[in-house]
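Here the structure comes first, spelled out in structure tokens, and everything after it is commentary.
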Amino acid sequence: MKISELQAVCKYDDSEMEEVKNCHPKQIASEVIPIPTWKIKYKYTTARGNPKEAVKYMFLDKNAWDSVDQEFMNHIKELNEKHPERTISNVEILDAVYFGKLYLELE
């Protein structure tokens with residue numbers, strides 16, 4: 001991915017970060033972005049009442065062990081709101097482990 005493409009699509013939560021978003025790409029010294037990844041195994045009940053098990057991956061800091069469950073449940077809530085025809089219920093996290101890092105290379 002080109003640095004300029006990253007800058008075009010990235011969002012920030014602090015107005016001071018706008019400086020990074022708008023700087024010249026040659027001002028970015030990093031060539032790789034590490035993406036910490038969690039693996040979440042869970043079970044749920046489908047809208048038709050069928051029990052299922054599945055795995056999802058979340059990009060959260062390695063030290064986010066205390067917030068993984070809440071972040072995951074927020075994700076499920078948003079999915080249910082976006083797709084009411086495919087809601088899932090009785091969601092239970094069976095296991096959540098820090099899985100490692102993915103690396104996004106920059107050009």
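The way I read the labels, and the way they are meant: chains A, B, ... in the order of the structure tokens, residue 1 as the first residue of every chain, and ligand 1 as the first ligand shown, with later ones counted on from there.
Near Val91 of chain A, within a cut-off of 8 Å and counting only C-alpha atoms, sit the residues Tyr42, Lys43, Tyr44 and Thr45 of chain A, with same-chain residues fewer than 6 positions away left out.
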Writer output for current selection, C-alpha atoms, as a PDB file, in the first residue's frame:
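And here's part_12.pdb as it stands now:
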ATOM      1  CA  TYR A  42     -17.501 -18.106  19.991  1.00  0.00           C
ATOM      2  CA  LYS A  43     -20.850 -19.847  19.845  1.00  0.00           C
ATOM      3  CA  TYR A  44     -24.255 -18.407  19.070  1.00  0.00           C
ATOM      4  CA  THR A  45     -27.789 -19.186  18.001  1.00  0.00           C
TER       5      THR A  45
END
**Item:** Shell around segment 70-75 of chain A at 12 Å using only C-alpha atoms, local window under 3 positions removed, as a VMD selection string
**Value:** chain A and resid 38 to 42 44 55 to 61 64 to 67 78 to 82 88 to 93 95 to 96
**Request:** Rank nothing, just name the residue among A:Asn22, A:Thr87, A:Gln7, A:Thr37 nearest to Gly100 of chain A, using only C-alpha atoms.
**Result:**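 Closest to Gly100 of chain A of all the choices is A:Thr37.
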Check the DSSP output for the backbone and give back, as a compact mmCIF listing (two decimals) with N, CA, C and O atoms, in the first residue's frame, the residues of chain A in helix (DSSP H, G or I).
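See part-v8.txt below for the written result:
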# COMPACT_ATOMS: atom_id res chain seq x y z
N ILE A 3 1.89 5.00 0.91
CA ILE A 3 1.67 5.85 2.08
C ILE A 3 0.57 6.86 1.80
O ILE A 3 -0.29 7.09 2.65
N SER A 4 0.54 7.41 0.61
CA SER A 4 -0.50 8.39 0.27
C SER A 4 -1.89 7.76 0.29
O SER A 4 -2.87 8.40 0.68
N GLU A 5 -2.01 6.48 -0.08
CA GLU A 5 -3.30 5.77 -0.02
C GLU A 5 -3.72 5.60 1.43
O GLU A 5 -4.90 5.77 1.77
N LEU A 6 -2.76 5.25 2.27
CA LEU A 6 -3.04 5.11 3.70
C LEU A 6 -3.52 6.44 4.28
O LEU A 6 -4.52 6.49 4.99
N GLN A 7 -2.82 7.50 3.94
CA GLN A 7 -3.20 8.82 4.45
C GLN A 7 -4.60 9.21 3.99
O GLN A 7 -5.35 9.83 4.73
N ALA A 8 -4.97 8.83 2.77
CA ALA A 8 -6.28 9.20 2.23
C ALA A 8 -7.43 8.49 2.96
O ALA A 8 -8.51 9.05 3.09
N VAL A 9 -7.19 7.28 3.43
CA VAL A 9 -8.28 6.51 4.04
C VAL A 9 -8.24 6.46 5.56
O VAL A 9 -9.22 6.06 6.19
N SER A 15 -7.32 15.86 16.85
CA SER A 15 -7.12 16.82 15.77
C SER A 15 -5.64 17.06 15.45
O SER A 15 -5.31 17.41 14.32
N GLU A 16 -4.76 16.84 16.41
CA GLU A 16 -3.34 17.00 16.14
C GLU A 16 -2.83 15.96 15.15
O GLU A 16 -1.84 16.19 14.45
N MET A 17 -3.51 14.81 15.06
CA MET A 17 -3.10 13.77 14.13
C MET A 17 -3.36 14.16 12.68
O MET A 17 -2.84 13.53 11.76
N GLU A 18 -4.14 15.19 12.46
CA GLU A 18 -4.39 15.67 11.11
C GLU A 18 -3.06 16.05 10.44
O GLU A 18 -2.90 15.92 9.22
N GLU A 19 -2.11 16.48 11.24
CA GLU A 19 -0.79 16.83 10.74
C GLU A 19 -0.14 15.64 10.02
O GLU A 19 0.45 15.78 8.96
N VAL A 20 -0.27 14.45 10.60
CA VAL A 20 0.31 13.25 10.00
C VAL A 20 -0.46 12.87 8.74
O VAL A 20 0.12 12.51 7.72
N LYS A 21 -1.77 13.00 8.81
CA LYS A 21 -2.60 12.65 7.66
C LYS A 21 -2.29 13.55 6.46
O LYS A 21 -2.35 13.11 5.32
N ASN A 22 -1.93 14.79 6.72
CA ASN A 22 -1.71 15.75 5.64
C ASN A 22 -0.24 16.00 5.29
O ASN A 22 0.06 16.79 4.41
N PRO A 25 4.18 12.26 2.02
CA PRO A 25 4.49 10.84 2.26
C PRO A 25 5.95 10.56 2.58
O PRO A 25 6.26 9.64 3.33
N LYS A 26 6.87 11.37 2.06
CA LYS A 26 8.29 11.15 2.35
C LYS A 26 8.65 11.52 3.79
O LYS A 26 9.74 11.21 4.26
N GLN A 27 7.71 12.15 4.50
CA GLN A 27 7.95 12.47 5.90
C GLN A 27 7.64 11.27 6.80
O GLN A 27 7.98 11.29 7.98
N ALA A 64 -4.83 -5.59 25.20
CA ALA A 64 -6.26 -5.31 25.30
C ALA A 64 -7.06 -6.48 25.87
O ALA A 64 -8.28 -6.52 25.73
N TRP A 65 -6.41 -7.40 26.55
CA TRP A 65 -7.08 -8.58 27.08
C TRP A 65 -8.31 -8.24 27.91
O TRP A 65 -9.28 -8.98 27.94
N ASP A 66 -8.29 -7.09 28.58
CA ASP A 66 -9.41 -6.71 29.44
C ASP A 66 -10.57 -6.05 28.67
O ASP A 66 -11.64 -5.84 29.24
N VAL A 68 -11.23 -7.05 25.15
CA VAL A 68 -11.58 -7.86 23.97
C VAL A 68 -13.04 -8.29 24.01
O VAL A 68 -13.75 -8.16 23.02
N ASP A 69 -13.49 -8.80 25.15
CA ASP A 69 -14.87 -9.28 25.25
C ASP A 69 -15.88 -8.17 24.93
O ASP A 69 -16.81 -8.39 24.14
N GLN A 70 -15.68 -7.01 25.52
CA GLN A 70 -16.61 -5.90 25.30
C GLN A 70 -16.57 -5.42 23.85
O GLN A 70 -17.61 -5.16 23.24
N GLU A 71 -15.39 -5.31 23.28
CA GLU A 71 -15.25 -4.90 21.88
C GLU A 71 -15.94 -5.89 20.96
O GLU A 71 -16.61 -5.51 20.00
N PHE A 72 -15.78 -7.18 21.26
CA PHE A 72 -16.40 -8.21 20.43
C PHE A 72 -17.93 -8.14 20.53
O PHE A 72 -18.63 -8.20 19.51
N MET A 73 -18.43 -7.99 21.74
CA MET A 73 -19.89 -7.92 21.92
C MET A 73 -20.46 -6.66 21.26
O MET A 73 -21.57 -6.70 20.71
N ASN A 74 -19.71 -5.57 21.28
CA ASN A 74 -20.13 -4.36 20.55
C ASN A 74 -20.20 -4.63 19.06
O ASN A 74 -21.12 -4.17 18.37
N HIS A 75 -19.25 -5.38 18.55
CA HIS A 75 -19.24 -5.76 17.13
C HIS A 75 -20.49 -6.58 16.79
O HIS A 75 -21.15 -6.32 15.77
N ILE A 76 -20.81 -7.54 17.62
CA ILE A 76 -21.99 -8.38 17.39
C ILE A 76 -23.27 -7.53 17.41
O ILE A 76 -24.15 -7.68 16.57
N LYS A 77 -23.35 -6.62 18.37
CA LYS A 77 -24.51 -5.74 18.46
C LYS A 77 -24.67 -4.91 17.18
O LYS A 77 -25.78 -4.79 16.64
N GLU A 78 -23.56 -4.37 16.67
CA GLU A 78 -23.61 -3.58 15.44
C GLU A 78 -24.02 -4.44 14.25
O GLU A 78 -24.80 -3.99 13.39
N LEU A 79 -23.51 -5.66 14.18
CA LEU A 79 -23.91 -6.57 13.10
C LEU A 79 -25.41 -6.85 13.16
O LEU A 79 -26.09 -6.85 12.11
N ASN A 80 -25.92 -7.10 14.35
CA ASN A 80 -27.35 -7.37 14.50
C ASN A 80 -28.20 -6.17 14.08
O ASN A 80 -29.27 -6.32 13.49
N GLU A 81 -27.71 -4.97 14.38
CA GLU A 81 -28.45 -3.76 14.00
C GLU A 81 -28.41 -3.53 12.49
O GLU A 81 -29.40 -3.11 11.90
N LYS A 82 -27.28 -3.83 11.86
CA LYS A 82 -27.14 -3.64 10.42
C LYS A 82 -27.89 -4.70 9.61
O LYS A 82 -28.31 -4.45 8.50
N PRO A 84 -30.81 -6.99 10.56
CA PRO A 84 -31.85 -7.55 11.44
C PRO A 84 -32.43 -8.88 10.94
O PRO A 84 -32.95 -9.66 11.73
N GLU A 85 -32.30 -9.13 9.65
CA GLU A 85 -32.81 -10.39 9.09
C GLU A 85 -31.90 -11.57 9.43
O GLU A 85 -32.29 -12.72 9.27
N ARG A 86 -30.70 -11.28 9.91
CA ARG A 86 -29.74 -12.34 10.23
C ARG A 86 -29.19 -12.19 11.65
O ARG A 86 -28.02 -12.46 11.90
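Atom CA of Leu106 of chain A lies 18.6 Å from atom CA of Tyr12 of chain A.
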**Those in chain A with strand (DSSP E or B) from DSSP, as a VMD selection string** = chain A and resid 32 to 45 51 to 59 89 to 105
**Request:** Quote the spacing between atom CA of Asp14 of chain A and atom CA of Val32 of chain A in Å to one decimal place.
**Result:**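 So the two atoms, atom CA of Asp14 of chain A and atom CA of Val32 of chain A, lie 22.2 Å apart.
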**Item:** Counting only C-alpha atoms, the option among A:Ile35, A:Ala47, A:Cys10, A:Ala54 closest to Glu105 of chain A
**Value:**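 Distance minimum relative to Glu105 of chain A lands on A:Ile35.
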**Message:** Which residue is closest to Lys2 of chain A? Choose from A:Pro36, A:Pro51, A:Glu107, A:Ala29 and count only C-alpha atoms.
**Reply:**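 Closest residue, counting only C-alpha atoms: A:Glu107.
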**Asked** Mind pulling up the distance from atom CA of Lys62 of chain A to atom CA of Phe99 of chain A?
**Response** 8.8 Å
